[in-house]
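Structure file final-v9.txt (compact mmCIF, C-alpha atoms) is printed below.
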```txt
# COMPACT_ATOMS: atom_id res chain seq x y z
CA MET L 286 94.69 77.49 115.19
CA LYS L 287 92.46 74.89 113.56
CA LYS L 288 95.36 72.44 113.54
CA MET L 289 96.00 73.12 117.22
CA TYR L 290 92.39 72.37 118.17
CA LEU L 291 92.47 69.18 116.13
CA PHE L 292 95.75 68.21 117.78
CA LEU L 293 94.35 68.67 121.30
CA TRP L 294 91.14 66.84 120.35
CA LEU L 295 93.10 63.86 119.06
CA LEU L 296 95.02 63.61 122.32
CA ALA L 297 91.75 63.71 124.25
CA LEU L 298 90.54 60.49 122.61
CA PRO L 299 90.33 57.51 124.99
CA LEU L 300 93.45 55.36 125.07
CA VAL L 301 93.91 51.68 125.80
CA LEU L 302 96.83 51.69 128.22
CA PRO L 303 98.86 49.08 130.08
CA THR L 304 98.55 49.31 133.85
CA SER L 305 101.46 49.59 136.25
CA LEU L 306 101.53 50.75 139.87
CA SER L 307 104.80 52.65 139.41
CA ALA L 308 103.49 54.23 136.21
CA GLN L 309 100.25 55.27 137.91
CA GLN L 310 102.21 56.76 140.79
CA ARG L 311 104.48 58.64 138.42
CA LEU L 312 101.65 60.12 136.35
CA ASN L 313 99.75 61.00 139.52
CA GLU L 314 102.82 62.79 140.84
CA ILE L 315 103.19 64.80 137.60
CA THR L 316 99.47 65.64 137.57
CA GLN L 317 99.38 66.64 141.24
CA ARG L 318 102.49 68.74 140.79
CA GLY L 319 100.75 70.51 137.90
CA LYS L 320 104.02 70.89 136.12
CA LEU L 321 105.91 68.97 133.41
CA ARG L 322 109.67 69.16 133.89
CA VAL L 323 111.62 68.86 130.63
CA GLY L 324 115.42 68.72 130.62
CA MET L 325 117.50 70.31 127.86
CA THR L 326 120.83 72.10 127.56
CA GLY L 327 119.40 75.32 126.13
CA GLN L 328 122.58 75.60 124.05
CA GLN L 329 121.89 73.43 121.01
CA PRO L 330 120.44 75.55 118.20
CA PRO L 331 118.03 74.98 116.54
CA PHE L 332 116.80 72.43 119.14
CA SER L 333 117.04 74.85 122.07
CA MET L 334 118.83 78.15 122.70
CA GLU L 335 118.50 81.38 124.63
CA SER L 336 116.80 84.39 123.07
CA LYS L 337 117.84 88.00 123.58
CA SER L 338 115.12 88.28 126.23
CA GLY L 339 116.61 85.34 128.16
CA LYS L 340 113.79 82.97 127.23
CA LEU L 341 114.53 79.53 125.79
CA ILE L 342 113.38 79.08 122.19
CA GLY L 343 113.79 76.34 119.60
CA TYR L 344 112.32 73.31 117.91
CA GLU L 345 112.23 71.12 121.01
CA VAL L 346 111.05 74.03 123.16
CA ASN L 347 107.99 74.25 120.92
CA LEU L 348 107.48 70.47 121.15
CA ALA L 349 107.67 70.68 124.95
CA GLU L 350 105.20 73.59 125.04
CA LEU L 351 102.66 71.69 122.94
CA LEU L 352 103.09 68.56 125.07
CA ALA L 353 102.55 70.43 128.35
CA GLU L 354 99.48 72.15 126.89
CA SER L 355 98.03 68.82 125.76
CA MET L 356 98.46 67.52 129.34
CA ASN L 357 96.97 70.69 130.89
CA LEU L 358 100.21 71.25 132.76
CA GLU L 359 102.58 74.14 133.33
CA LEU L 360 105.91 73.65 131.53
CA GLU L 361 109.18 73.89 133.44
CA LEU L 362 112.28 73.85 131.23
CA VAL L 363 115.25 72.62 133.26
CA ARG L 364 118.67 73.53 131.86
CA ILE L 365 121.19 70.73 132.38
CA GLU L 366 124.61 70.01 130.87
CA PHE L 367 124.36 67.37 128.17
CA ASN L 368 126.31 64.64 129.95
CA GLN L 369 123.96 64.94 132.96
CA LEU L 370 120.69 64.66 131.00
CA ILE L 371 120.29 60.87 131.22
CA PRO L 372 121.14 60.82 134.96
CA SER L 373 118.56 63.58 135.49
CA ILE L 374 115.85 61.22 134.22
CA GLN L 375 117.13 58.34 136.33
CA ASN L 376 117.25 60.37 139.56
CA GLY L 377 113.88 62.04 138.97
CA THR L 378 115.14 65.60 138.51
CA VAL L 379 113.13 65.82 135.27
CA ASP L 380 110.24 63.88 133.76
CA LEU L 381 111.74 63.65 130.28
CA VAL L 382 114.54 65.03 128.12
CA MET L 383 114.48 66.74 124.73
CA SER L 384 117.94 67.97 123.79
CA GLY L 385 118.97 66.92 120.29
CA MET L 386 119.64 63.46 121.70
CA THR L 387 120.59 60.62 119.38
CA ILE L 388 118.75 57.36 120.01
CA ASN L 389 121.31 54.59 120.40
CA MET L 390 121.62 51.21 122.11
CA GLU L 391 123.80 52.40 124.99
CA ARG L 392 121.30 55.09 126.00
CA ASN L 393 118.30 52.88 125.31
CA MET L 394 119.59 50.44 127.95
CA LYS L 395 119.12 53.22 130.54
CA VAL L 396 116.03 55.13 129.35
CA ALA L 397 113.15 54.73 126.91
CA PHE L 398 112.93 56.75 123.70
CA ILE L 399 110.11 58.12 121.58
CA GLY L 400 110.71 59.19 117.99
CA PRO L 401 112.65 59.85 115.98
CA TYR L 402 111.20 63.24 115.21
CA VAL L 403 114.36 64.30 113.34
CA ILE L 404 116.79 62.23 111.27
CA SER L 405 120.23 63.74 111.53
CA GLY L 406 123.83 62.67 111.06
CA LYS L 407 127.35 63.63 112.04
CA SER L 408 128.81 66.57 110.17
CA VAL L 409 131.54 69.17 110.70
CA VAL L 410 132.06 72.90 110.72
CA THR L 411 135.49 74.06 109.63
CA LYS L 412 137.36 76.87 107.90
CA SER L 413 139.23 74.36 105.71
CA ILE L 414 137.98 73.73 102.18
CA THR L 415 139.79 70.38 102.17
CA LEU L 416 138.21 69.17 105.42
CA ALA L 417 134.77 70.32 104.25
CA GLN L 418 135.10 67.88 101.35
CA ALA L 419 135.49 64.82 103.62
CA ASP L 420 133.49 61.80 102.46
CA GLU L 421 134.18 59.53 105.43
CA ALA L 422 135.63 59.55 108.91
CA ALA L 423 139.03 58.39 107.66
CA ASP L 424 139.44 61.73 105.87
CA LEU L 425 139.41 63.46 109.27
CA ASN L 426 141.60 60.97 111.13
CA GLN L 427 144.75 63.10 111.03
CA GLY L 428 147.25 63.67 113.80
CA ARG L 429 147.45 67.40 113.18
CA LEU L 430 143.69 67.94 113.60
CA ARG L 431 142.09 69.33 116.76
CA VAL L 432 138.42 68.32 116.85
CA THR L 433 135.99 69.84 119.34
CA SER L 434 132.67 68.22 120.25
CA LEU L 435 130.03 68.21 122.97
CA ALA L 436 131.18 66.29 126.06
CA GLY L 437 129.16 63.14 126.71
CA SER L 438 127.56 63.19 123.26
CA THR L 439 127.68 60.68 120.42
CA SER L 440 129.83 63.26 118.61
CA GLU L 441 132.53 62.97 121.27
CA LYS L 442 132.30 59.17 121.04
CA PHE L 443 132.59 59.42 117.24
CA VAL L 444 135.80 61.45 117.58
CA LYS L 445 137.38 59.11 120.14
CA THR L 446 136.38 55.94 118.28
CA LEU L 447 136.81 56.83 114.62
CA LEU L 448 139.34 59.66 114.78
CA PRO L 449 141.96 58.28 117.20
CA GLU L 450 144.80 60.15 115.50
CA ALA L 451 143.14 63.53 115.98
CA THR L 452 143.21 65.52 119.22
CA SER L 453 139.80 65.46 120.91
CA ILE L 454 138.63 68.67 122.59
CA PRO L 455 135.35 67.96 124.44
CA VAL L 456 133.48 71.02 125.72
CA ALA L 457 130.44 71.58 127.94
CA ASN L 458 128.34 73.34 125.28
CA TYR L 459 128.31 74.31 121.61
CA ASP L 460 128.98 77.98 122.33
CA LEU L 461 132.39 76.95 123.64
CA ALA L 462 132.92 74.67 120.63
CA VAL L 463 132.15 77.48 118.18
CA GLU L 464 134.40 79.83 120.15
CA ALA L 465 137.28 77.35 119.88
CA LEU L 466 136.69 77.08 116.14
CA LEU L 467 136.52 80.84 115.57
CA LYS L 468 139.71 81.38 117.62
CA ASP L 469 141.51 78.61 115.68
CA GLU L 470 141.94 76.59 118.87
CA ALA L 471 140.21 73.77 116.98
CA ASN L 472 140.28 72.93 113.27
CA VAL L 473 136.92 71.17 113.27
CA MET L 474 133.70 71.17 115.27
CA LEU L 475 131.97 67.82 114.94
CA ALA L 476 128.23 67.83 115.67
CA ASP L 477 124.82 66.80 114.35
CA LEU L 478 124.03 68.21 110.91
CA PRO L 479 121.34 70.75 112.00
CA ILE L 480 123.71 72.32 114.53
CA CYS L 481 126.46 72.55 111.91
CA LEU L 482 124.15 74.23 109.41
CA ILE L 483 122.84 76.72 111.95
CA THR L 484 126.39 77.54 113.11
CA GLN L 485 127.31 78.32 109.52
CA MET L 486 124.24 80.56 109.19
CA ARG L 487 124.94 82.37 112.48
CA TYR L 488 128.43 83.45 111.43
CA PRO L 489 128.16 84.39 107.75
CA ASP L 490 131.40 86.41 107.81
CA ALA L 491 133.54 83.72 109.44
CA ASN L 492 134.02 81.67 106.24
CA LEU L 493 132.74 78.53 107.93
CA LEU L 494 132.11 75.48 105.80
CA THR L 495 130.23 72.22 106.39
CA LEU L 496 129.83 68.89 104.61
CA GLU L 497 127.54 68.45 101.64
CA ASP L 498 126.37 65.11 103.08
CA PRO L 499 126.58 63.90 106.72
CA LEU L 500 129.03 61.15 107.65
CA THR L 501 126.35 59.08 109.41
CA MET L 502 122.59 58.81 109.76
CA GLU L 503 121.22 59.20 113.29
CA PRO L 504 117.70 59.38 114.78
CA ILE L 505 116.94 62.18 117.28
CA GLY L 506 114.22 61.64 119.86
CA MET L 507 112.84 62.20 123.37
CA ALA L 508 114.19 60.29 126.37
CA LEU L 509 111.84 59.13 129.16
CA PRO L 510 111.96 56.92 132.26
CA ALA L 511 112.29 53.26 131.32
CA ASP L 512 109.58 52.08 133.76
CA ASP L 513 106.70 54.32 132.70
CA PRO L 514 104.47 52.70 130.01
CA LEU L 515 101.56 55.08 130.62
CA LEU L 516 103.62 58.22 130.02
CA LEU L 517 105.34 56.56 127.07
CA ASN L 518 101.99 55.65 125.52
CA PHE L 519 100.52 59.12 125.96
CA ILE L 520 103.51 60.84 124.37
CA GLU L 521 103.54 58.37 121.47
CA ASN L 522 99.98 59.52 120.78
CA TYR L 523 101.13 63.13 121.11
CA PHE L 524 103.74 62.70 118.38
CA ASN L 525 101.31 60.78 116.17
CA ALA L 526 98.88 63.70 116.48
CA LEU L 527 101.61 66.23 115.69
CA GLU L 528 102.47 64.31 112.54
CA MET L 529 98.83 63.78 111.48
CA THR L 530 97.99 67.48 111.74
CA GLY L 531 101.15 68.60 109.93
CA LEU L 532 102.40 70.62 112.91
CA LEU L 533 105.59 68.56 113.17
CA LYS L 534 106.48 69.39 109.55
CA GLU L 535 105.67 73.07 110.05
CA LEU L 536 107.94 73.28 113.10
CA GLU L 537 110.70 71.44 111.24
CA ASN L 538 110.51 73.85 108.30
CA TYR L 539 110.59 76.89 110.57
CA TRP L 540 113.49 75.87 112.80
CA PHE L 541 115.65 73.92 110.36
CA GLU L 542 115.16 75.71 107.06
CA THR L 543 113.99 79.33 107.26
CA GLY L 544 116.61 80.81 109.61
CA SER L 545 114.17 83.68 110.25
CA TRP L 546 114.55 83.22 114.01
CA LEU L 547 118.33 83.77 114.06
CA SER L 548 117.92 87.46 114.85
CA ASP L 549 116.14 86.48 118.10
CA MET L 550 119.16 84.55 119.41
CA LYS L 551 121.21 85.95 122.24
```
Target format structure tokens, applied to this file:
Amino acid sequence: MKKMYLFLWLLALPLVLPTSLSAQQRLNEITQRGKLRVGMTGQQPPFSMESKSGKLIGYEVNLAELLAESMNLELELVRIEFNQLIPSIQNGTVDLVMSGMTINMERNMKVAFIGPYVISGKSVVTKSITLAQADEAADLNQGRLRVTSLAGSTSEKFVKTLLPEATSIPVANYDLAVEALLKDEANVMLADLPICLITQMRYPDANLLTLEDPLTMEPIGMALPADDPLLLNFIENYFNALEMTGLLKELENYWFETGSWLSDMK
């Protein structure tokens, strides 16, 4: 609790902010609404997933809760399919997105990013010992392979670009990807490393394997409107405070390493 009070106090310090009419209007709208709308799929453990009670839980859910509390706002978690998350920022459906999203140039030309708060990389989940020993993308570029990935994600782009010989099976969410893998409809699920590790932990009797080291290194962060310097500045301070107080590390340890929350998943 002491860390929480320190965190909120740090965010209450006066900030030197750029001024912008559109930014002022946007922040006024959020404040007057009394609600922070955060987009996420709700199907990307350990970033976000549904609990047995139907409530969303996860690493980014906790980050969103702390952010809304620091802004004295109610939190509204808006579940959106991954390939519609960026458009949801652009059309104003949500105020920001936290959904295990890799920061890359293509996305950064459409929205602003804060982070990274996690460094990840592309990995695989498979039943094959041989495939789990892959050192590079070329080891997976085989015509007989069926590779499933999240539609609209950098994982799908990785498959299409670097594994042209393999059959790409894009799906709307990771539950469908895991189902395809378990039913042998796909040989490989390609995803960010944390999701691969958690999938392996969730199904201990399925003989699932993952890579010892990821194939790439990728930063994961929060996406925001590109024209909002005031909101961007405030949330930068939010993440700095999380890091200074050690809360960011505590959340990372809990959601990415302990696995103690797996029994709460739906």
Specify the axis-aligned box that encloses all atoms of segment 388-401 of chain L listed in the file after padding of 3 Å on each side, stating its centre and edge lengths in Å to one decimal as lines of an AutoDock Vina configuration file.
```
center_x = 117.0
center_y = 55.1
center_z = 123.3
size_x = 19.7
size_y = 15.4
size_z = 20.6
```
Item to complete: Between atom CA of Val396 of chain L and atom CA of Leu509 of chain L, measure the distance and give it in Å to one decimal.
Response: 5.8 Å
Discussion item. Just checking: using all atoms listed in the file, which residue out of L:Val463, L:Thr446, L:Asn347, L:Val409 ends up closest to Pro331 of chain L?
Written reply: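 Using all atoms listed in the file, the shortest distance to Pro331 of chain L belongs to L:Asn347.
Nearest residue to Glu470 of chain L among L:Val432, L:Leu532, L:Val323, L:Leu500 is L:Val432, counting only C-alpha atoms.
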Worksheet item: What does the distance from atom CA of Ile365 of chain L to atom CA of Glu503 of chain L come to in Å, to one decimal?
Response: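 Interatomic distance here is 22.3 Å.
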Discussion item. Rounded to one decimal, what separation in Å do you get between atom CA of Leu341 of chain L and atom CA of Ala511 of chain L?
Written reply: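 According to the coordinates, atom CA of Leu341 of chain L and atom CA of Ala511 of chain L are separated by 26.9 Å.
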Discussion item. Restricting the calculation to all atoms listed in the file: of L:Leu362, L:Leu493, L:Leu482, L:Val382, which residue gets closest to Gly506 of chain L?
Written reply: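 When distances to Gly506 of chain L are compared using all atoms listed in the file, the smallest one comes from L:Val382.
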